[in-house]
Every structure is written in structure tokens, then in C-alpha cells.
file upload_28.csv (CSV, C-alpha atoms)
chain,number,residue,atom,x,y,z
F,1,MET,CA,-9.8,-10.1,8.2
F,2,ASN,CA,-12.0,-10.4,5.1
F,3,LYS,CA,-11.0,-9.5,1.6
F,4,GLN,CA,-12.2,-5.9,1.7
F,5,GLN,CA,-10.4,-5.2,5.0
F,6,PHE,CA,-7.3,-6.7,3.7
F,7,LEU,CA,-7.4,-4.6,0.5
F,8,ASN,CA,-8.1,-1.5,2.5
F,9,ALA,CA,-5.1,-2.2,4.8
F,10,LEU,CA,-2.9,-2.9,1.8
F,11,ALA,CA,-4.0,0.3,0.1
F,12,GLU,CA,-3.1,2.2,3.3
F,13,ALA,CA,0.3,0.5,3.5
F,14,LEU,CA,1.0,1.3,-0.2
F,15,LYS,CA,0.1,5.0,0.1
F,16,LYS,CA,3.6,6.0,-0.9
F,17,LEU,CA,3.3,4.3,-4.3
F,18,PRO,CA,2.1,6.2,-7.3
F,19,ARG,CA,-1.6,5.8,-7.8
F,20,GLU,CA,-1.4,3.6,-10.9
F,21,GLU,CA,1.1,1.2,-9.3
F,22,ARG,CA,-1.0,0.9,-6.2
F,23,TYR,CA,-4.1,0.2,-8.3
F,24,ARG,CA,-2.3,-2.6,-10.1
F,25,THR,CA,-1.1,-4.2,-6.9
F,26,LEU,CA,-4.6,-4.0,-5.4
F,27,SER,CA,-6.3,-5.5,-8.4
F,28,TYR,CA,-3.7,-8.3,-8.5
F,29,TYR,CA,-4.5,-9.3,-4.9
F,30,ASP,CA,-8.2,-8.7,-5.5
F,31,GLU,CA,-8.2,-11.1,-8.4
F,32,LEU,CA,-6.2,-13.8,-6.7
F,33,ILE,CA,-8.3,-13.8,-3.6
F,34,ASP,CA,-11.5,-14.0,-5.7
F,35,ASP,CA,-9.9,-16.9,-7.7
F,36,ARG,CA,-9.0,-18.8,-4.6
F,37,ILE,CA,-12.5,-18.3,-3.0
F,38,GLU,CA,-14.0,-19.4,-6.3
F,39,ASP,CA,-11.8,-22.5,-6.0
F,40,GLY,CA,-13.6,-23.4,-2.8
F,41,GLN,CA,-11.2,-21.9,-0.2
F,42,ASN,CA,-12.4,-19.9,2.8
F,43,GLU,CA,-12.1,-16.1,2.4
F,44,TYR,CA,-10.6,-15.6,5.8
F,45,ALA,CA,-8.2,-18.4,5.4
F,46,VAL,CA,-7.1,-17.1,2.0
F,47,VAL,CA,-6.5,-13.6,3.4
F,48,GLU,CA,-4.6,-15.2,6.4
F,49,SER,CA,-2.3,-17.1,4.1
F,50,LEU,CA,-1.3,-14.0,2.2
F,51,GLY,CA,0.5,-12.6,5.3
F,52,SER,CA,0.1,-9.1,6.6
F,53,PRO,CA,-0.5,-6.2,4.2
F,54,GLU,CA,2.4,-4.4,5.8
F,55,ALA,CA,4.8,-7.2,5.0
F,56,ILE,CA,3.5,-7.4,1.4
F,57,ALA,CA,4.0,-3.6,1.1
F,58,GLY,CA,7.5,-4.0,2.6
F,59,ASP,CA,8.4,-6.6,-0.1
F,60,ILE,CA,7.1,-4.3,-2.7
F,61,PHE,CA,9.0,-1.3,-1.5
F,62,GLY,CA,12.2,-3.3,-1.5
F,63,SER,CA,14.1,-5.5,0.9
F,64,GLU,CA,13.6,-5.0,4.6
F,65,GLU,CA,17.2,-3.9,4.9
F,66,ALA,CA,16.7,-1.0,2.5
F,67,GLU,CA,13.7,0.1,4.4
F,68,LYS,CA,15.6,0.0,7.7
F,69,THR,CA,18.3,2.3,6.4
F,70,LYS,CA,15.7,4.5,5.0
F,71,LYS,CA,13.9,4.8,8.3
F,72,GLU,CA,17.2,5.6,10.1
F,73,TYR,CA,18.0,8.1,7.5
F,74,GLY,CA,14.5,9.6,7.8
F,75,LYS,CA,14.9,10.1,11.5
F,76,GLY,CA,18.3,11.8,11.3
F,77,ALA,CA,17.2,13.9,8.4
F,78,LYS,CA,14.1,15.1,10.2
F,79,ILE,CA,16.2,16.3,13.2
F,80,TRP,CA,18.5,18.1,10.8
F,81,ILE,CA,15.7,19.7,8.9
F,82,ILE,CA,14.2,21.0,12.2
F,83,VAL,CA,17.7,22.4,13.3
F,84,LEU,CA,18.2,24.0,9.9
F,85,LEU,CA,14.7,25.5,10.0
F,86,ILE,CA,15.4,27.1,13.4
F,87,LEU,CA,18.9,28.3,12.5
F,88,GLY,CA,17.7,29.6,9.1
F,89,PHE,CA,14.8,31.5,10.5
F,90,PRO,CA,16.3,35.0,10.1
F,91,LEU,CA,16.8,34.2,6.4
F,92,TRP,CA,13.6,32.4,5.5
F,93,GLY,CA,11.5,34.4,8.0
F,94,SER,CA,12.3,37.7,6.3
F,95,LEU,CA,11.9,36.2,2.9
F,96,LEU,CA,8.5,34.9,3.8
F,97,LEU,CA,7.6,38.3,5.2
F,98,VAL,CA,8.6,40.0,1.9
F,99,ALA,CA,6.6,37.4,-0.1
F,100,VAL,CA,3.5,38.0,2.1
F,101,LEU,CA,3.8,41.7,1.7
F,102,LEU,CA,4.3,41.5,-2.0
F,103,VAL,CA,1.2,39.5,-2.3
F,104,LEU,CA,-0.6,42.0,-0.1
F,105,VAL,CA,0.6,44.9,-2.3
F,106,ALA,CA,-0.5,43.1,-5.4
F,107,TYR,CA,-4.0,42.7,-4.0
F,108,ILE,CA,-4.1,46.3,-2.9
F,109,LEU,CA,-3.1,47.4,-6.4
F,110,LEU,CA,-5.6,45.1,-7.9
F,111,TYR,CA,-8.5,46.6,-5.8
F,112,LEU,CA,-7.3,50.2,-6.2
F,113,PRO,CA,-9.5,50.8,-9.4
F,114,ILE,CA,-12.6,49.7,-7.4
F,115,VAL,CA,-11.8,52.2,-4.7
F,116,ILE,CA,-11.1,55.1,-7.2
F,117,LEU,CA,-14.2,54.4,-9.2
F,118,GLY,CA,-16.3,54.1,-6.1
F,119,ALA,CA,-15.0,57.4,-4.7
F,120,LEU,CA,-15.7,59.1,-8.1
F,121,ALA,CA,-19.2,57.8,-8.3
F,122,LEU,CA,-20.0,58.9,-4.7
F,123,GLY,CA,-18.4,62.3,-5.2
F,124,PHE,CA,-20.3,63.0,-8.5
F,125,LEU,CA,-23.5,61.8,-6.9
F,126,GLY,CA,-23.1,64.1,-3.9
F,127,ALA,CA,-22.1,67.1,-6.0
F,128,SER,CA,-25.1,66.6,-8.4
F,129,VAL,CA,-27.6,66.2,-5.5
F,130,LEU,CA,-26.3,69.3,-3.8
F,131,GLY,CA,-26.4,71.2,-7.0
F,132,ILE,CA,-29.9,70.2,-8.0
F,133,VAL,CA,-31.3,70.7,-4.5
F,134,GLY,CA,-29.5,74.0,-4.2
F,135,THR,CA,-30.8,75.4,-7.5
F,136,PRO,CA,-34.0,76.9,-6.1
F,137,PHE,CA,-32.1,78.5,-3.3
F,138,LEU,CA,-29.6,80.0,-5.7
F,139,ILE,CA,-32.3,81.4,-7.9
F,140,ALA,CA,-34.1,82.8,-4.8
F,141,GLU,CA,-30.8,84.4,-3.8
F,142,ILE,CA,-29.8,86.0,-7.1
F,143,GLY,CA,-33.3,86.9,-8.2
F,144,ILE,CA,-35.6,85.4,-10.9
F,145,GLN,CA,-34.3,87.8,-13.5
F,146,ASN,CA,-30.8,86.4,-13.3
F,147,SER,CA,-32.0,82.8,-13.3
F,148,ALA,CA,-29.5,81.8,-16.1
F,149,GLY,CA,-26.8,81.1,-13.5
F,150,GLY,CA,-29.2,78.9,-11.5
F,151,ILE,CA,-30.3,77.0,-14.6
F,152,PHE,CA,-26.6,76.5,-15.6
F,153,GLN,CA,-25.9,75.1,-12.2
F,154,CYS,CA,-28.9,72.7,-12.4
F,155,GLY,CA,-27.7,71.6,-15.9
F,156,SER,CA,-24.1,70.9,-14.6
F,157,SER,CA,-25.5,69.0,-11.7
F,158,ILE,CA,-27.5,66.8,-14.0
F,159,ALA,CA,-24.4,66.2,-16.1
F,160,LEU,CA,-22.5,65.3,-12.8
F,161,LEU,CA,-25.3,62.8,-12.1
F,162,GLY,CA,-24.8,61.3,-15.5
F,163,LEU,CA,-21.0,61.0,-14.8
F,164,SER,CA,-21.9,59.3,-11.5
F,165,ILE,CA,-24.1,56.8,-13.2
F,166,LEU,CA,-21.3,56.1,-15.7
F,167,CYS,CA,-18.8,55.6,-12.9
F,168,THR,CA,-21.2,53.2,-11.2
F,169,VAL,CA,-21.6,51.1,-14.3
F,170,ALA,CA,-17.8,51.1,-14.8
F,171,LEU,CA,-17.4,50.1,-11.1
F,172,VAL,CA,-19.7,47.1,-11.5
F,173,TYR,CA,-17.8,45.8,-14.5
F,174,THR,CA,-14.3,46.4,-13.1
F,175,THR,CA,-15.4,44.7,-9.8
F,176,LYS,CA,-16.6,41.7,-11.6
F,177,GLY,CA,-13.4,41.5,-13.7
F,178,ILE,CA,-11.1,42.1,-10.7
F,179,VAL,CA,-12.8,39.4,-8.6
F,180,ARG,CA,-12.4,37.0,-11.4
F,181,ALA,CA,-8.8,37.9,-11.8
F,182,SER,CA,-8.0,37.6,-8.1
F,183,LYS,CA,-9.6,34.2,-8.0
F,184,ALA,CA,-7.5,33.2,-11.0
F,185,ILE,CA,-4.4,34.4,-9.2
F,186,TRP,CA,-5.3,32.5,-6.1
F,187,ARG,CA,-5.8,29.4,-8.1
F,188,GLY,CA,-2.5,29.9,-9.7
F,189,CYS,CA,-0.7,30.3,-6.4
F,190,THR,CA,-2.3,27.3,-4.8
F,191,ALA,CA,-2.1,25.0,-7.9
F,192,GLY,CA,1.5,24.0,-7.0
F,193,PHE,CA,0.4,22.9,-3.5
F,194,ARG,CA,-2.6,21.0,-4.7
F,195,LYS,CA,-0.7,19.1,-7.4
F,196,ARG,CA,1.8,18.0,-4.8
F,197,ARG,CA,-0.9,16.9,-2.5
F,198,ILE,CA,-2.5,14.7,-5.1
F,199,ALA,CA,0.9,13.2,-6.1
F,200,GLY,CA,1.7,12.5,-2.4
D,1,MET,CA,16.8,-22.4,-1.9
D,2,ASP,CA,18.6,-19.1,-2.3
D,3,ALA,CA,15.9,-16.4,-2.8
D,4,GLN,CA,17.6,-14.7,-5.7
D,5,LEU,CA,18.2,-18.1,-7.5
D,6,LYS,CA,14.6,-19.1,-6.8
D,7,LYS,CA,13.3,-15.8,-8.3
D,8,GLY,CA,15.3,-16.4,-11.5
D,9,LEU,CA,14.1,-19.9,-11.8
D,10,ILE,CA,10.5,-19.1,-11.2
D,11,GLU,CA,10.7,-16.3,-13.8
D,12,ILE,CA,11.6,-19.0,-16.4
D,13,CYS,CA,8.9,-21.3,-15.0
D,14,VAL,CA,6.3,-18.6,-15.5
D,15,LEU,CA,7.5,-18.2,-19.1
D,16,VAL,CA,7.3,-22.0,-19.7
D,17,VAL,CA,3.7,-22.1,-18.3
D,18,LEU,CA,2.7,-19.2,-20.5
D,19,LYS,CA,4.4,-20.8,-23.6
D,20,GLN,CA,1.8,-23.6,-23.3
D,21,GLN,CA,-1.1,-21.2,-23.2
D,22,ASP,CA,-2.0,-17.7,-21.9
D,23,SER,CA,-2.8,-17.8,-18.2
D,24,TYR,CA,-3.7,-15.8,-15.1
D,25,GLY,CA,-2.2,-15.3,-11.7
D,26,TYR,CA,-3.9,-18.1,-9.7
D,27,GLN,CA,-3.5,-20.7,-12.5
D,28,ILE,CA,0.2,-19.8,-12.9
D,29,ILE,CA,0.7,-20.4,-9.1
D,30,LYS,CA,-1.1,-23.7,-9.3
D,31,ASP,CA,0.8,-24.9,-12.3
D,32,ILE,CA,4.2,-24.0,-10.8
D,33,SER,CA,3.5,-25.1,-7.2
D,34,ASP,CA,4.0,-28.8,-8.3
D,35,TYR,CA,7.6,-28.0,-8.9
D,36,ALA,CA,8.5,-25.0,-6.7
D,37,GLU,CA,6.8,-23.4,-3.7
D,38,LEU,CA,5.4,-20.2,-4.8
D,39,SER,CA,3.3,-17.6,-3.0
D,40,GLU,CA,1.2,-14.7,-4.4
D,41,SER,CA,3.6,-12.2,-3.0
D,42,THR,CA,6.6,-13.9,-4.7
D,43,LEU,CA,4.8,-14.0,-8.0
D,44,TYR,CA,3.7,-10.4,-8.1
D,45,PRO,CA,7.1,-8.8,-8.5
D,46,ILE,CA,8.1,-11.5,-11.0
D,47,LEU,CA,5.1,-10.8,-13.2
D,48,LYS,CA,5.7,-7.1,-12.9
D,49,ARG,CA,9.3,-7.5,-14.0
D,50,LEU,CA,8.4,-9.8,-16.9
D,51,GLU,CA,5.8,-7.3,-18.1
D,52,ALA,CA,8.2,-4.3,-17.7
D,53,GLY,CA,10.9,-6.3,-19.7
D,54,GLU,CA,8.3,-7.0,-22.4
D,55,PHE,CA,8.7,-10.8,-21.9
D,56,VAL,CA,5.0,-10.9,-21.5
D,57,THR,CA,2.0,-8.8,-22.5
D,58,THR,CA,-1.3,-8.6,-20.6
D,59,TYR,CA,-5.0,-8.3,-21.4
D,60,SER,CA,-8.1,-8.6,-19.3
D,61,ILE,CA,-11.0,-10.9,-19.7
D,62,GLU,CA,-14.3,-10.7,-17.8
D,63,HIS,CA,-14.9,-13.7,-15.6
D,64,ASN,CA,-17.9,-14.0,-13.3
D,65,SER,CA,-18.6,-10.2,-13.6
D,66,ARG,CA,-15.0,-9.3,-12.6
D,67,LEU,CA,-11.8,-8.8,-14.6
D,68,ARG,CA,-9.1,-11.4,-14.8
D,69,LYS,CA,-5.7,-10.3,-16.0
D,70,TYR,CA,-4.2,-12.8,-18.5
D,71,TYR,CA,-0.6,-13.0,-19.4
D,72,HIS,CA,0.7,-13.8,-22.9
D,73,ILE,CA,4.3,-14.7,-23.7
D,74,THR,CA,6.1,-12.6,-26.4
D,75,ASP,CA,8.8,-13.7,-28.8
D,76,LYS,CA,11.3,-12.0,-26.5
D,77,GLY,CA,9.9,-14.2,-23.7
D,78,LYS,CA,10.3,-17.4,-25.7
D,79,LEU,CA,13.8,-16.4,-26.5
D,80,ARG,CA,14.5,-15.9,-22.8
D,81,ILE,CA,13.7,-19.6,-22.2
D,82,GLU,CA,16.2,-20.7,-24.9
D,83,GLU,CA,18.8,-18.4,-23.3
D,84,PHE,CA,18.2,-19.9,-19.9
D,85,LEU,CA,18.7,-23.4,-21.2
D,86,VAL,CA,22.1,-22.4,-22.7
D,87,GLU,CA,23.1,-20.5,-19.5
D,88,TRP,CA,22.1,-23.5,-17.4
D,89,GLN,CA,24.8,-25.7,-19.1
D,90,ASP,CA,27.3,-23.3,-17.5
D,91,VAL,CA,25.6,-23.7,-14.2
D,92,GLN,CA,25.7,-27.5,-14.6
D,93,LYS,CA,29.5,-27.3,-15.1
D,94,VAL,CA,29.9,-25.3,-11.9
D,95,TYR,CA,27.6,-27.8,-10.1
D,96,GLU,CA,29.7,-30.7,-11.2
D,97,PHE,CA,32.8,-29.0,-10.1
D,98,ILE,CA,31.3,-28.3,-6.7
D,99,ALA,CA,29.8,-31.8,-6.3
D,100,GLY,CA,33.0,-33.4,-7.5
D,101,SER,CA,35.1,-31.5,-4.9
D,102,VAL,CA,32.7,-32.6,-2.1
D,103,SER,CA,32.8,-36.3,-3.1
D,104,LYS,CA,36.7,-36.2,-3.4
D,105,GLU,CA,36.8,-34.8,0.2
D,106,LYS,CA,34.6,-37.7,1.3
D,107,ASP,CA,36.8,-40.2,-0.5
D,108,GLY,CA,39.9,-38.7,1.2
D,109,GLY,CA,38.2,-38.9,4.5
D,110,ILE,CA,37.6,-42.6,4.1
D,111,GLY,CA,41.2,-43.1,3.0
D,112,VAL,CA,42.6,-41.7,6.2

call {"tool": "encode", "arguments": {"input": "upload_28.csv", "output": "C-alpha cells"}}
result
Amino acid sequence: MNKQQFLNALAEALKKLPREERYRTLSYYDELIDDRIEDGQNEYAVVESLGSPEAIAGDIFGSEEAEKTKKEYGKGAKIWIIVLLILGFPLWGSLLLVAVLLVLVAYILLYLPIVILGALALGFLGASVLGIVGTPFLIAEIGIQNSAGGIFQCGSSIALLGLSILCTVALVYTTKGIVRASKAIWRGCTAGFRKRRIAG
Amino acid sequence: MDAQLKKGLIEICVLVVLKQQDSYGYQIIKDISDYAELSESTLYPILKRLEAGEFVTTYSIEHNSRLRKYYHITDKGKLRIEEFLVEWQDVQKVYEFIAGSVSKEKDGGIGV
């Protein structure tokens, strides 16, 4: 094993240590190996004399005995955790279901304004197109002398078109805002997990 | 030698080495190895404990384009050496008691 392989293996064996502590340990061995090589010793022989990275990590984590009891405890605890998970399923299963549904409801509520604004914009657009296209037919129907009604319809239809455009503009802005908000919520929900993963 | 006793003794040895001048890991091992067998893995927790207990402080110096961590003894560290010398007088008394009992046994053995 050369120095780099040794340090990699040691880093792997010390995974459970906090990052800063691990870094200190690695730089200690890094420095010592370099010093001994500089003193004329062979890199492989130096690494060999240090002993296995696992043994060094074991010393650092505490006496071997402590680790043994930890391992035994770990095995027993794992089985108990599995048993409890199975037995507790009716409880945590339904709680999980409720949590998932709550999140789902929150998202639906969040996206509801988009649906409403979209429906309004489409509705107004449809009504105005129908009104404008229908105006000549209406005038033809009621006669050119009574065209005031037809012109009124045309005017209202143009007003509806305006409303439709306003709704579309509002829709664009709310969509942007809601997408941003839902991203922020997602980040907030997953932040806890991510932090734990880094610490681990 | 008993591991715990050795650890305690080497702790003081490290402080004595550092009292002469600031030093780094490999040099400390070389200085002490004339008196007591000392491996890198034994020294590491000792240095860590001394640093945590503020018996030494550390600083880094660049050497051949890499960093070397130097250890410097604090006043608290120097005081620890003095304390050890006082404590050791008690150890000496216990040693004499133990050694005395063993030699008495031997004397008795010859007598019978």
C-alpha cells in the first residue's frame, strides 16, 4: 500500500468521525509519512509499519472492547427496530398516509389559483370570440336599423377580450410565484434530510 | 509496561521535549524513542489530549511545500511537568513498599 492508498483506506475507516476530526487525523498521518519518507525511509515500509487503517481507526474510536459491545448492541438493536417497525405499522403507516395526503392537499391548494385564472382566461376568450364573430349575424337577424344591440354586443365582447388578457397576465405572474413557492417548500421539507446526510 | 501507565508517562515526555523547543510529530517520536517505545498511533491520541487540555498549542509551518504542525508548550503544560515530579514521589514510595516486600519474601525463603 502506498501513502495515498493508506490515507484513502483510513478516511473510509474513519467515516463515522466528524469531518473536522477526520481531517485532523488524516493530516497527522499524512505529515508523519512524508517526514519519514523525507528521512530516507521507503514509502511502502513506512505505511506497513503503521499497521492497518482499520486498527488505527479502532484505536481512535476507543478500546476494542468498547467496539465489540457496540457491535453486539448494534445487532440486537437492529432486530428490535425491524420488529417494532413491523408491529407499529398500523400506527406509523396511517400517520405516513395522513402526512402524504396533507402535502398533496397543500400542493393542490397552492395550484388552485392557476387553475381558476386559467379557466377564467379561457372562458372570457371564448365568450369574446363568440360575441365578436356573432355580431354580424345578430345585426343581420335584427335588421340594420336596430344595430345598436349588435354594436353593444360587439363592445361587450371586446371588453371580455380585455378581461381575458388581464387574466392571462395575472396567470403568468401567479404561476411564476407559485412555482417559486413550491420549490421553496420542497427545499424546506428536504433540508432536514440533506443536513443529516452531510453530518453522517 | 502497563498501557495506561505508559500513556501517562509519554504524555509527560512529550511535554518535556516541547519544553526544550517547539517540535512536530516525527521529531517528537524520534526524541522520545530513545527512552520509550512510541508509535505514531500511540502519539496521536496523546497529542490530541494535550491540545484539548490546553497543555500545548499548535501552529503550522510550511516545509517542502507541505504543512507541518508544530506543538508549543503552554504555561499549563510546564506546570503539569512540575506536578508530575511531585506525584512521582508518591509513586516512588509505593514502589519501595512493593520492592521491599518482594525482597523480604526472598530473604525469608533463604532462611527456611

call {"tool": "atom_distance", "arguments": {"input": "upload_28.csv", "atom1": "CA of Ile139 (chain F)", "atom2": "CA of Gly155 (chain F)"}}
result
13.5 Å

call {"tool": "interface_residues", "arguments": {"input": "upload_28.csv", "of": "chain F", "to": "chain D", "cutoff": "8 Å", "atoms": "all atoms listed in the file", "output": "MDAnalysis selection string"}}
result
chainID F and resid 25 28:29 31:32 35:36 50 56 59:60

call {"tool": "atom_distance", "arguments": {"input": "upload_28.csv", "atom1": "CA of Ser27 (chain F)", "atom2": "CA of Ala11 (chain F)"}}
result
10.5 Å

call {"tool": "atom_distance", "arguments": {"input": "upload_28.csv", "atom1": "CA of Arg19 (chain F)", "atom2": "CA of Ala3 (chain D)"}}
result
28.7 Å

call {"tool": "residues_around", "arguments": {"input": "upload_28.csv", "residues": "region 107-110 of chain F", "least_positions_apart": "4", "cutoff": "12 Å", "atoms": "only C-alpha atoms", "output": "list in words"}}
result
Val100, Leu101, Leu102, Val103, Ile114, Val115, Ile116, Thr174, Thr175, Gly177, Ile178, Val179, Arg180, Ala181, Ser182, Lys183, Ile185 and Trp186 of chain F

call {"tool": "residues_around", "arguments": {"input": "upload_28.csv", "residues": "Leu15 (chain D)", "least_positions_apart": "4", "cutoff": "9 Å", "atoms": "only C-alpha atoms", "output": "list in words"}}
result
Ile10, Glu11, Lys19, Gln20, Leu50, Phe55, Val56, His72, Ile73, Gly77, Lys78, Arg80 and Ile81 of chain D

call {"tool": "closest_residue", "arguments": {"input": "upload_28.csv", "among": "F:Ala121, F:Leu10, F:Ile158, F:Ile165", "to": "Gly51 (chain F)", "atoms": "all atoms listed in the file"}}
result
F:Leu10

call {"tool": "residues_around", "arguments": {"input": "upload_28.csv", "residues": "Phe61 (chain F)", "least_positions_apart": "6", "cutoff": "10 Å", "atoms": "only C-alpha atoms", "output": "PDB file with C-alpha atoms, in the frame of the given file"}}
result
ATOM      1  CA  LEU F  14       1.000   1.300  -0.200  1.00  0.00           C
ATOM      2  CA  LYS F  16       3.600   6.000  -0.900  1.00  0.00           C
ATOM      3  CA  LEU F  17       3.300   4.300  -4.300  1.00  0.00           C
ATOM      4  CA  ALA F  55       4.800  -7.200   5.000  1.00  0.00           C
ATOM      5  CA  GLU F  67      13.700   0.100   4.400  1.00  0.00           C
TER       6      GLU F  67
END

call {"tool": "residues_around", "arguments": {"input": "upload_28.csv", "residues": "Leu130 (chain F)", "least_positions_apart": "2", "cutoff": "12 Å", "atoms": "all atoms listed in the file", "output": "PyMOL selection string"}}
result
chain F and resi 123-128+132-138+153-154+156-158+160-161

call {"tool": "closest_residue", "arguments": {"input": "upload_28.csv", "among": "D:Ile46, D:Val91, D:Ile98, D:Ala52", "to": "Gly8 (chain D)", "atoms": "all atoms listed in the file"}}
result
D:Ile46

call {"tool": "closest_residue", "arguments": {"input": "upload_28.csv", "among": "D:Val17, D:Lys93, D:Ile61, D:Leu43", "to": "Asp31 (chain D)", "atoms": "only C-alpha atoms"}}
result
D:Val17

call {"tool": "residues_around", "arguments": {"input": "upload_28.csv", "residues": "Asp30 (chain F)", "least_positions_apart": "6", "cutoff": "9 Å", "atoms": "all atoms listed in the file", "output": "PDB file with C-alpha atoms, keeping the file's coordinate frame"}}
result
ATOM      1  CA  LYS F   3     -11.000  -9.500   1.600  1.00  0.00           C
ATOM      2  CA  GLN F   4     -12.200  -5.900   1.700  1.00  0.00           C
ATOM      3  CA  LEU F   7      -7.400  -4.600   0.500  1.00  0.00           C
TER       4      LEU F   7
END

call {"tool": "closest_residue", "arguments": {"input": "upload_28.csv", "among": "D:Leu18, D:Leu85, D:Cys13, D:Leu79", "to": "Ser33 (chain D)", "atoms": "only C-alpha atoms"}}
result
D:Cys13
